[in-house]
Amino acid sequence: MTIKLPGALKFLLYSLFLFFHVSIYAQAVTGVSVDLTEATITEGGTQQLTATIAPVDATDQSVIWSSDDELIATVDSNGLVTAVAAGTAIITVTTTDGDFTATSTITVEAAPIAVTGVSIDLTEATITEGDTQQLTATIAPVDATDQSVTWSSDDELIATVDSNGLVTAVAAGTVIITVTTTDGDFTATSTITVEAAPIAVTGVSI
């Protein structure tokens, strides 16, 4: 004898079968880790984080990403972190199955401020053989990140200049002293005129 079941009952029994079948064979999540437990990025930069669920064959591989301070760094649904402002933020990944978590500490550094120019306090000066003249360079803007410069003379037989901008007169003539910024290669010059040292009187005769 064949028993015919109503369609709704068939569907219910089939659904129960699927539920118990999946429940029996589903692999539960036991943990999660992040490939980078800490990272440093610059304002405006990004850093990809990758989560690994354990076991690798867990049935539910879905996770949720979050930041404890989105004013410092945000993170999207794929684990891509974007630096917003200088500071530190904790990025957390949470498994949908089991609410297991792992974190990454993100340090955001301020973006460097580029140099836009340089000037010298004295665009020209006159000194005597053997004397010195201090030149001072001012980088713009004043809060530029890289304040380093190099000094050079176009004729060291007339005047030399050291790494701090101190010019030493060697012989009579004219020389161009140049300061160059490391960031951007901006330059400024000072024209140095070296006068011959006076010859002292050593005696007199009649």
# chains A, B, ... in the order shown; residues from 1 in each chain; ligands from 1
>>> residues_around(residues="range 106-118 of chain A", least_positions_apart="3", cutoff="7 Å", atoms="only C-alpha atoms", output="PyMOL selection string")
chain A and resi 38-43+83+85-90+137-141+144-145+183-184+186-188
>>> select_by_dssp(residues="range 6-169 of chain A", states="helix (DSSP H, G or I)", output="ChimeraX atom specification")
/A:7-25
>>> select_by_dssp(residues="range 39-194 of chain A", states="strand (DSSP E)", output="ChimeraX atom specification")
/A:39-42,46-48,51-54,63-67,73-75,80-83,87-95,101-109,117-120,124-128,132-134,137-140,149-153,159-161,166-169,173-181,187-194
>>> residues_around(residues="Leu36 in chain A", least_positions_apart="3", cutoff="9 Å", atoms="only C-alpha atoms", output="ChimeraX atom specification")
/A:33,39,49-50,103-105
>>> write_last_selection(atoms="N, CA and C atoms", output="CSV table (one decimal), in the first residue's frame")
chain,number,residue,atom,x,y,z
A,33,SER,N,42.4,34.4,13.0
A,33,SER,CA,43.6,35.1,13.1
A,33,SER,C,43.7,36.1,12.0
A,39,ALA,N,50.6,47.2,12.3
A,39,ALA,CA,51.2,47.8,11.0
A,39,ALA,C,51.2,49.3,11.2
A,49,LEU,N,44.3,43.8,5.3
A,49,LEU,CA,44.4,42.8,6.4
A,49,LEU,C,43.7,41.5,5.9
A,50,THR,N,44.2,40.4,6.2
A,50,THR,CA,43.6,39.1,5.8
A,50,THR,C,43.3,38.3,7.0
A,103,THR,N,42.7,40.8,16.5
A,103,THR,CA,42.9,42.2,16.3
A,103,THR,C,44.2,42.6,15.7
A,104,SER,N,44.2,43.8,15.1
A,104,SER,CA,45.5,44.3,14.5
A,104,SER,C,45.6,45.8,15.0
A,105,THR,N,46.7,46.1,15.5
A,105,THR,CA,47.0,47.5,16.0
A,105,THR,C,47.6,48.3,14.8
>>> closest_residue(among="A:Val34, A:Ala171, A:Ile91, A:Val29", to="Ser62 in chain A", atoms="only C-alpha atoms")
A:Val29
